[in-house]
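J.: There's a structure below that I have some questions on.
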Amino acid sequence: MAMTAQTRRAPADLAEVVRFVDQEIAPHANAFEKAERIPREVLSRVAELGLWAPFLPSESGGADMDMVSLGRVHEEVGRGCSSLRSLLTVHSMVSASVHRWGDQAQQEKWLRAFAAGEKLGAFCLTEPDHSGSDSTAEGTTAVRDQDGWILDGRKKWITGGQVADVLMVFATTDSGMSTFLVEADRPGVRVTPLPHVMGTTASMLAEIEFTGVRLEPSALLGPPGWAAGTVMTNALNLGRYSVACGSLGIIRAALEACAAYTSVRTAAGVPLRDLPHVRQMMSGMVTARDAARLLCQRAGALSDEGDPATIMATWVAKYHASKAAAQAASDAVQIHGANGFSPDHQVARLYRDSKVMEVIEGSTQVQELTIAAEAYREVAQ
Amino acid sequence: MSNDARTEIRSFITTKFPDVTFSDEEDIFALGFVNSLFAMELVMFIEKAFGTRIPNEELHLGNFRSVELMADLVRRQSAATVG
């Protein structure tokens, strides 16, 4: 990418992010979706604005951004384009993992490049032959040999996989599950684009096959075995937070689109905005937006405090925001009538993207198992 | 510190799982109520409550199996910080 660590400046403030989304992202999001990719120049603009990993410490090229502020950035980007927000999500997960679990050599090798967007990361957990909700999948293996590791297996639905430089891969080892950092251009790595997906179509999804990929011992990220589950949970928690904030962005986009549309569109001479059933749906979006914002802020603030309660707060925020985004986008299509199905309006894309939010980083149904279990524990106290 | 740590760690666990009874020496993983989410919460709790960052080499199951072992981990980390 053109932007370098030397030329990147401090991250944009929120007002600048809003302008970036309003002028350079949202108006083109349908075109991104049609092209099934985010243009390189847009990825470079994200780097120029310092938005790839601003939460990293300044000594690593970041800006020490707190999680609440990061959530607002991902909300704004999600308001404009869920595909781009998805790229931010997985890159954040990889960057944060290297920051938290990487040794000094790994941090020196990768963090500045991650912060500058010179190298992009992708999170490789889901496998083609296992449910994405089954994080104990054992299809991909890393076997020790005298020079390090040999990696074999396949990963699927890898966001950003078509453009990622560094793959954070979960694989089964003799110690149990472990995490590896794998350069995408290593011999034996084959990246196959996954076209024509229904939502986040421009997030450049890929299936990635690893065939006898040789890795140095230094490719191992963090502790192996049982503790790798902590590496995974930590990364997924950040991803879940980002998706929650991005879902909030979808709700806002749906609401704003409907407010504009119903202000000019009429039925039998009456502006749509004066119809009670339209107002009912608009009211639902407003309430859902405000609730999502409060839940996201709570999760982010707890994360900033290092409070373990952030984990459940993030589950709740994502659960609400993703479901509310799907409902808001569905209502937005309904309000737009036939126009809601047209590529001339953005609500059809919002509808497709919102459904993805209910599936990724913990499906709605998996979340219900976890959140309900917490409720029973609370009652038992 | 170690006794205080035991008390705080036990309190954190029993607040989350009030129906479970266990001794400080008992393997809580063998009791079946600890999943990956709660394991992460345990790590975060220890780091926040005792102002430490658990290094990778200490982050293994053997250090988290019981209240006693977690308290020992806290004691070692505190000693390392002071040292």
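Starting from 1 in every chain, residues are counted up; chains themselves are A, B, ... following the order of the structure tokens, and ligands are numbered from 1 as listed.
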Given a cut-off of 10 Å, which residues of chain B touch chain A, counting only C-alpha atoms, written out as a short mmCIF file (atom, residue, chain, number, x, y, z; two decimals) with N, CA and C atoms, in the first residue's frame?
T.:
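Once everything was written out, this is iface.cif:
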```cif
data_model
loop_
_atom_site.label_atom_id
_atom_site.label_comp_id
_atom_site.auth_asym_id
_atom_site.auth_seq_id
_atom_site.Cartn_x
_atom_site.Cartn_y
_atom_site.Cartn_z
N THR B 14 -17.44 -17.60 42.92
CA THR B 14 -18.72 -17.95 43.52
C THR B 14 -19.81 -16.92 43.19
N THR B 15 -19.40 -15.70 42.90
CA THR B 15 -20.39 -14.72 42.46
C THR B 15 -20.95 -15.11 41.10
N LYS B 16 -20.07 -15.63 40.25
CA LYS B 16 -20.52 -16.04 38.91
C LYS B 16 -21.25 -17.39 38.94
N PHE B 17 -20.80 -18.26 39.87
CA PHE B 17 -21.38 -19.62 39.93
C PHE B 17 -21.78 -19.94 41.37
N PRO B 18 -22.84 -19.34 41.84
CA PRO B 18 -23.22 -19.50 43.25
C PRO B 18 -23.65 -20.91 43.62
N ASP B 19 -24.04 -21.71 42.66
CA ASP B 19 -24.50 -23.06 42.99
C ASP B 19 -23.37 -24.07 43.13
N ASN B 35 -15.97 -22.60 31.07
CA ASN B 35 -15.83 -22.63 29.61
C ASN B 35 -14.79 -21.59 29.20
N SER B 36 -14.60 -21.46 27.89
CA SER B 36 -13.54 -20.56 27.42
C SER B 36 -13.82 -19.11 27.78
N LEU B 37 -15.11 -18.76 27.81
CA LEU B 37 -15.46 -17.38 28.17
C LEU B 37 -15.08 -17.10 29.62
N PHE B 38 -15.43 -18.03 30.50
CA PHE B 38 -15.11 -17.79 31.91
C PHE B 38 -13.61 -17.85 32.15
N ALA B 39 -12.91 -18.68 31.39
CA ALA B 39 -11.45 -18.71 31.51
C ALA B 39 -10.88 -17.33 31.19
N MET B 40 -11.40 -16.71 30.14
CA MET B 40 -10.95 -15.36 29.79
C MET B 40 -11.30 -14.36 30.88
N GLU B 41 -12.50 -14.53 31.45
CA GLU B 41 -12.89 -13.64 32.54
C GLU B 41 -11.96 -13.81 33.74
N LEU B 42 -11.56 -15.05 34.02
CA LEU B 42 -10.63 -15.30 35.12
C LEU B 42 -9.30 -14.57 34.89
N VAL B 43 -8.79 -14.70 33.66
CA VAL B 43 -7.53 -14.03 33.34
C VAL B 43 -7.67 -12.52 33.52
N MET B 44 -8.76 -11.97 32.98
CA MET B 44 -8.95 -10.51 33.10
C MET B 44 -9.14 -10.10 34.55
N PHE B 45 -9.86 -10.91 35.31
CA PHE B 45 -10.08 -10.58 36.71
C PHE B 45 -8.77 -10.52 37.47
N ILE B 46 -7.95 -11.54 37.30
CA ILE B 46 -6.67 -11.57 38.03
C ILE B 46 -5.81 -10.37 37.63
N GLU B 47 -5.79 -10.08 36.34
CA GLU B 47 -4.95 -8.97 35.89
C GLU B 47 -5.45 -7.63 36.44
N LYS B 48 -6.75 -7.46 36.48
CA LYS B 48 -7.29 -6.18 36.97
C LYS B 48 -7.21 -6.10 38.49
N ALA B 49 -7.63 -7.15 39.17
CA ALA B 49 -7.71 -7.10 40.63
C ALA B 49 -6.33 -6.98 41.28
N ARG B 53 0.10 -8.27 34.67
CA ARG B 53 -0.12 -8.80 33.33
C ARG B 53 0.48 -10.20 33.31
N PRO B 55 2.18 -13.20 32.03
CA PRO B 55 2.98 -13.46 30.83
C PRO B 55 2.58 -14.78 30.17
N ASN B 56 2.91 -14.90 28.90
CA ASN B 56 2.51 -16.09 28.15
C ASN B 56 2.95 -17.39 28.82
N GLU B 57 4.17 -17.39 29.37
CA GLU B 57 4.69 -18.64 29.92
C GLU B 57 3.95 -19.06 31.18
N GLU B 58 3.23 -18.14 31.80
CA GLU B 58 2.43 -18.49 32.98
C GLU B 58 0.97 -18.81 32.63
N LEU B 59 0.65 -18.57 31.37
CA LEU B 59 -0.75 -18.75 30.98
C LEU B 59 -0.97 -20.18 30.49
N HIS B 60 -1.06 -21.09 31.45
CA HIS B 60 -1.36 -22.47 31.10
C HIS B 60 -2.33 -23.03 32.14
N LEU B 61 -2.98 -24.10 31.75
CA LEU B 61 -4.07 -24.64 32.55
C LEU B 61 -3.63 -24.94 33.99
N GLY B 62 -2.41 -25.40 34.14
CA GLY B 62 -1.93 -25.77 35.46
C GLY B 62 -1.97 -24.64 36.47
#
```
J.: Which residues come within 9 Å of Lys323 in chain A, counting only C-alpha atoms, excluding same-chain residues fewer than 4 positions away, as a list in words?
T.: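 Close residues of Lys323 in chain A: Ser247, Lys318, Tyr319, Gln327, Ala328, Ser354, Lys355, Met357, Glu358 and Thr364 of chain A.
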J.: Near Leu88 in chain A, within 12 Å and counting only C-alpha atoms, which residues show up once chain neighbours fewer than 5 positions away are dropped, as a count of residues only?
T.: 43
J.: Can you check which residues of range 10-74 of chain B DSSP gives as alpha helix (DSSP H) on the backbone and send them as a list in words?
T.: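 These are the residues in question: Arg10, Ser11, Phe12, Ile13, Thr14, Thr15, Lys16, Ser36, Leu37, Phe38, Ala39, Met40, Glu41, Leu42, Val43, Met44, Phe45, Ile46, Glu47, Lys48, Ala49, Val67, Glu68, Leu69, Met70, Ala71, Asp72, Leu73 and Val74 of chain B.
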J.: Keeping only C-alpha atoms, write those residues as a PDB file, in the first residue's frame.
T.:
```pdb
ATOM      1  CA  ARG B  10     -12.992 -17.421  45.362  1.00  0.00           C
ATOM      2  CA  SER B  11     -15.411 -14.531  45.670  1.00  0.00           C
ATOM      3  CA  PHE B  12     -15.181 -13.812  41.937  1.00  0.00           C
ATOM      4  CA  ILE B  13     -15.900 -17.429  41.042  1.00  0.00           C
ATOM      5  CA  THR B  14     -18.722 -17.954  43.523  1.00  0.00           C
ATOM      6  CA  THR B  15     -20.385 -14.716  42.459  1.00  0.00           C
ATOM      7  CA  LYS B  16     -20.522 -16.042  38.913  1.00  0.00           C
ATOM      8  CA  SER B  36     -13.538 -20.559  27.415  1.00  0.00           C
ATOM      9  CA  LEU B  37     -15.455 -17.381  28.172  1.00  0.00           C
ATOM     10  CA  PHE B  38     -15.115 -17.791  31.906  1.00  0.00           C
ATOM     11  CA  ALA B  39     -11.454 -18.708  31.509  1.00  0.00           C
ATOM     12  CA  MET B  40     -10.949 -15.360  29.788  1.00  0.00           C
ATOM     13  CA  GLU B  41     -12.889 -13.639  32.542  1.00  0.00           C
ATOM     14  CA  LEU B  42     -10.627 -15.296  35.120  1.00  0.00           C
ATOM     15  CA  VAL B  43      -7.526 -14.027  33.335  1.00  0.00           C
ATOM     16  CA  MET B  44      -8.954 -10.510  33.095  1.00  0.00           C
ATOM     17  CA  PHE B  45     -10.084 -10.579  36.709  1.00  0.00           C
ATOM     18  CA  ILE B  46      -6.673 -11.565  38.030  1.00  0.00           C
ATOM     19  CA  GLU B  47      -4.946  -8.965  35.890  1.00  0.00           C
ATOM     20  CA  LYS B  48      -7.287  -6.184  36.971  1.00  0.00           C
ATOM     21  CA  ALA B  49      -7.710  -7.102  40.634  1.00  0.00           C
ATOM     22  CA  VAL B  67      -8.105 -21.160  43.701  1.00  0.00           C
ATOM     23  CA  GLU B  68      -4.861 -22.096  45.425  1.00  0.00           C
ATOM     24  CA  LEU B  69      -2.917 -22.325  42.167  1.00  0.00           C
ATOM     25  CA  MET B  70      -4.296 -19.001  40.959  1.00  0.00           C
ATOM     26  CA  ALA B  71      -3.352 -17.374  44.252  1.00  0.00           C
ATOM     27  CA  ASP B  72       0.148 -18.819  43.865  1.00  0.00           C
ATOM     28  CA  LEU B  73       0.288 -17.297  40.385  1.00  0.00           C
ATOM     29  CA  VAL B  74      -0.699 -13.921  41.802  1.00  0.00           C
TER      30      VAL B  74
END
```
J.: Mind checking which residues fall within 12 Å of Asp290 in chain A, counting only C-alpha atoms, ignoring those fewer than 2 positions away in the same chain, and posting them as a list of chain:residue names?
T.: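 Here the qualifying residues turn out to be A:Cys245, A:Leu248, A:Gly249, A:Ile251, A:Arg252, A:Leu255, A:Ser283, A:Gly284, A:Met285, A:Val286, A:Thr287, A:Ala288, A:Ala292, A:Arg293, A:Leu294, A:Leu295, A:Cys296, A:Gln297, A:Ala317, A:His320, A:Ala321, A:Ala324.
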J.: Generate a file of the selected residues that holds N, CA, C and O atoms, formatted as a PDB file, in the first residue's frame.
T.:
```
ATOM      1  N   CYS A 245     -20.787  -2.457  17.134  1.00  0.00           N
ATOM      2  CA  CYS A 245     -20.732  -1.034  16.759  1.00  0.00           C
ATOM      3  C   CYS A 245     -21.085  -0.850  15.280  1.00  0.00           C
ATOM      4  O   CYS A 245     -21.765   0.112  14.910  1.00  0.00           O
ATOM      5  N   LEU A 248     -24.752  -1.007  14.918  1.00  0.00           N
ATOM      6  CA  LEU A 248     -25.310   0.300  15.282  1.00  0.00           C
ATOM      7  C   LEU A 248     -25.235   1.250  14.084  1.00  0.00           C
ATOM      8  O   LEU A 248     -26.180   2.010  13.816  1.00  0.00           O
ATOM      9  N   GLY A 249     -24.130   1.191  13.365  1.00  0.00           N
ATOM     10  CA  GLY A 249     -24.001   2.019  12.164  1.00  0.00           C
ATOM     11  C   GLY A 249     -25.064   1.678  11.131  1.00  0.00           C
ATOM     12  O   GLY A 249     -25.607   2.573  10.467  1.00  0.00           O
ATOM     13  N   ILE A 251     -28.068   0.473  11.739  1.00  0.00           N
ATOM     14  CA  ILE A 251     -29.346   1.019  12.218  1.00  0.00           C
ATOM     15  C   ILE A 251     -29.438   2.507  11.877  1.00  0.00           C
ATOM     16  O   ILE A 251     -30.464   2.992  11.383  1.00  0.00           O
ATOM     17  N   ARG A 252     -28.350   3.218  12.116  1.00  0.00           N
ATOM     18  CA  ARG A 252     -28.360   4.657  11.816  1.00  0.00           C
ATOM     19  C   ARG A 252     -28.548   4.905  10.327  1.00  0.00           C
ATOM     20  O   ARG A 252     -29.286   5.820   9.922  1.00  0.00           O
ATOM     21  N   LEU A 255     -32.143   4.287   9.439  1.00  0.00           N
ATOM     22  CA  LEU A 255     -32.987   5.364   9.964  1.00  0.00           C
ATOM     23  C   LEU A 255     -32.847   6.631   9.118  1.00  0.00           C
ATOM     24  O   LEU A 255     -33.849   7.263   8.747  1.00  0.00           O
ATOM     25  N   SER A 283     -39.940   4.911  14.983  1.00  0.00           N
ATOM     26  CA  SER A 283     -39.751   4.961  16.435  1.00  0.00           C
ATOM     27  C   SER A 283     -38.960   3.747  16.922  1.00  0.00           C
ATOM     28  O   SER A 283     -38.098   3.856  17.809  1.00  0.00           O
ATOM     29  N   GLY A 284     -39.255   2.611  16.330  1.00  0.00           N
ATOM     30  CA  GLY A 284     -38.508   1.415  16.685  1.00  0.00           C
ATOM     31  C   GLY A 284     -37.038   1.554  16.363  1.00  0.00           C
ATOM     32  O   GLY A 284     -36.168   1.131  17.145  1.00  0.00           O
ATOM     33  N   MET A 285     -36.739   2.151  15.225  1.00  0.00           N
ATOM     34  CA  MET A 285     -35.328   2.333  14.842  1.00  0.00           C
ATOM     35  C   MET A 285     -34.622   3.301  15.791  1.00  0.00           C
ATOM     36  O   MET A 285     -33.469   3.070  16.176  1.00  0.00           O
ATOM     37  N   VAL A 286     -35.301   4.365  16.158  1.00  0.00           N
ATOM     38  CA  VAL A 286     -34.697   5.340  17.071  1.00  0.00           C
ATOM     39  C   VAL A 286     -34.370   4.672  18.417  1.00  0.00           C
ATOM     40  O   VAL A 286     -33.274   4.816  18.964  1.00  0.00           O
ATOM     41  N   THR A 287     -35.332   3.930  18.910  1.00  0.00           N
ATOM     42  CA  THR A 287     -35.128   3.277  20.213  1.00  0.00           C
ATOM     43  C   THR A 287     -34.023   2.230  20.132  1.00  0.00           C
ATOM     44  O   THR A 287     -33.168   2.140  21.031  1.00  0.00           O
ATOM     45  N   ALA A 288     -34.048   1.461  19.049  1.00  0.00           N
ATOM     46  CA  ALA A 288     -33.015   0.439  18.869  1.00  0.00           C
ATOM     47  C   ALA A 288     -31.634   1.074  18.754  1.00  0.00           C
ATOM     48  O   ALA A 288     -30.644   0.566  19.302  1.00  0.00           O
ATOM     49  N   ALA A 292     -28.682   0.423  21.401  1.00  0.00           N
ATOM     50  CA  ALA A 292     -27.426  -0.148  20.902  1.00  0.00           C
ATOM     51  C   ALA A 292     -26.250   0.736  21.276  1.00  0.00           C
ATOM     52  O   ALA A 292     -25.183   0.246  21.671  1.00  0.00           O
ATOM     53  N   ARG A 293     -26.443   2.028  21.156  1.00  0.00           N
ATOM     54  CA  ARG A 293     -25.328   2.936  21.489  1.00  0.00           C
ATOM     55  C   ARG A 293     -24.942   2.810  22.961  1.00  0.00           C
ATOM     56  O   ARG A 293     -23.774   2.745  23.311  1.00  0.00           O
ATOM     57  N   LEU A 294     -25.933   2.767  23.827  1.00  0.00           N
ATOM     58  CA  LEU A 294     -25.638   2.654  25.263  1.00  0.00           C
ATOM     59  C   LEU A 294     -24.950   1.330  25.581  1.00  0.00           C
ATOM     60  O   LEU A 294     -24.006   1.280  26.378  1.00  0.00           O
ATOM     61  N   LEU A 295     -25.430   0.266  24.953  1.00  0.00           N
ATOM     62  CA  LEU A 295     -24.825  -1.046  25.199  1.00  0.00           C
ATOM     63  C   LEU A 295     -23.395  -1.096  24.681  1.00  0.00           C
ATOM     64  O   LEU A 295     -22.503  -1.665  25.334  1.00  0.00           O
ATOM     65  N   CYS A 296     -23.162  -0.522  23.520  1.00  0.00           N
ATOM     66  CA  CYS A 296     -21.797  -0.495  22.966  1.00  0.00           C
ATOM     67  C   CYS A 296     -20.876   0.348  23.837  1.00  0.00           C
ATOM     68  O   CYS A 296     -19.726  -0.027  24.100  1.00  0.00           O
ATOM     69  N   GLN A 297     -21.373   1.485  24.275  1.00  0.00           N
ATOM     70  CA  GLN A 297     -20.551   2.345  25.137  1.00  0.00           C
ATOM     71  C   GLN A 297     -20.211   1.633  26.447  1.00  0.00           C
ATOM     72  O   GLN A 297     -19.089   1.732  26.945  1.00  0.00           O
ATOM     73  N   ALA A 317     -24.338  -6.476  23.889  1.00  0.00           N
ATOM     74  CA  ALA A 317     -24.347  -5.379  22.915  1.00  0.00           C
ATOM     75  C   ALA A 317     -24.469  -5.923  21.499  1.00  0.00           C
ATOM     76  O   ALA A 317     -25.257  -5.425  20.681  1.00  0.00           O
ATOM     77  N   HIS A 320     -28.038  -7.514  20.871  1.00  0.00           N
ATOM     78  CA  HIS A 320     -29.072  -6.508  20.607  1.00  0.00           C
ATOM     79  C   HIS A 320     -28.834  -5.797  19.280  1.00  0.00           C
ATOM     80  O   HIS A 320     -29.747  -5.672  18.450  1.00  0.00           O
ATOM     81  N   ALA A 321     -27.620  -5.299  19.097  1.00  0.00           N
ATOM     82  CA  ALA A 321     -27.353  -4.440  17.935  1.00  0.00           C
ATOM     83  C   ALA A 321     -27.525  -5.209  16.627  1.00  0.00           C
ATOM     84  O   ALA A 321     -28.051  -4.663  15.643  1.00  0.00           O
ATOM     85  N   ALA A 324     -31.240  -5.853  16.090  1.00  0.00           N
ATOM     86  CA  ALA A 324     -31.898  -4.578  15.807  1.00  0.00           C
ATOM     87  C   ALA A 324     -31.539  -4.064  14.424  1.00  0.00           C
ATOM     88  O   ALA A 324     -32.373  -3.459  13.736  1.00  0.00           O
TER      89      ALA A 324
END
```
J.: In Å to one decimal, how far is CA of Trp315 in chain A from CA of Phe22 in chain B?
T.: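 Value for the CA of Phe22 in chain B-CA of Trp315 in chain A distance: 27.9 Å.
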J.: Quick one: distance from CA of Ala254 in chain A to CA of Arg40 in chain A in Å, one decimal?
T.: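 Between CA of Ala254 in chain A and CA of Arg40 in chain A the gap works out to 26.8 Å.
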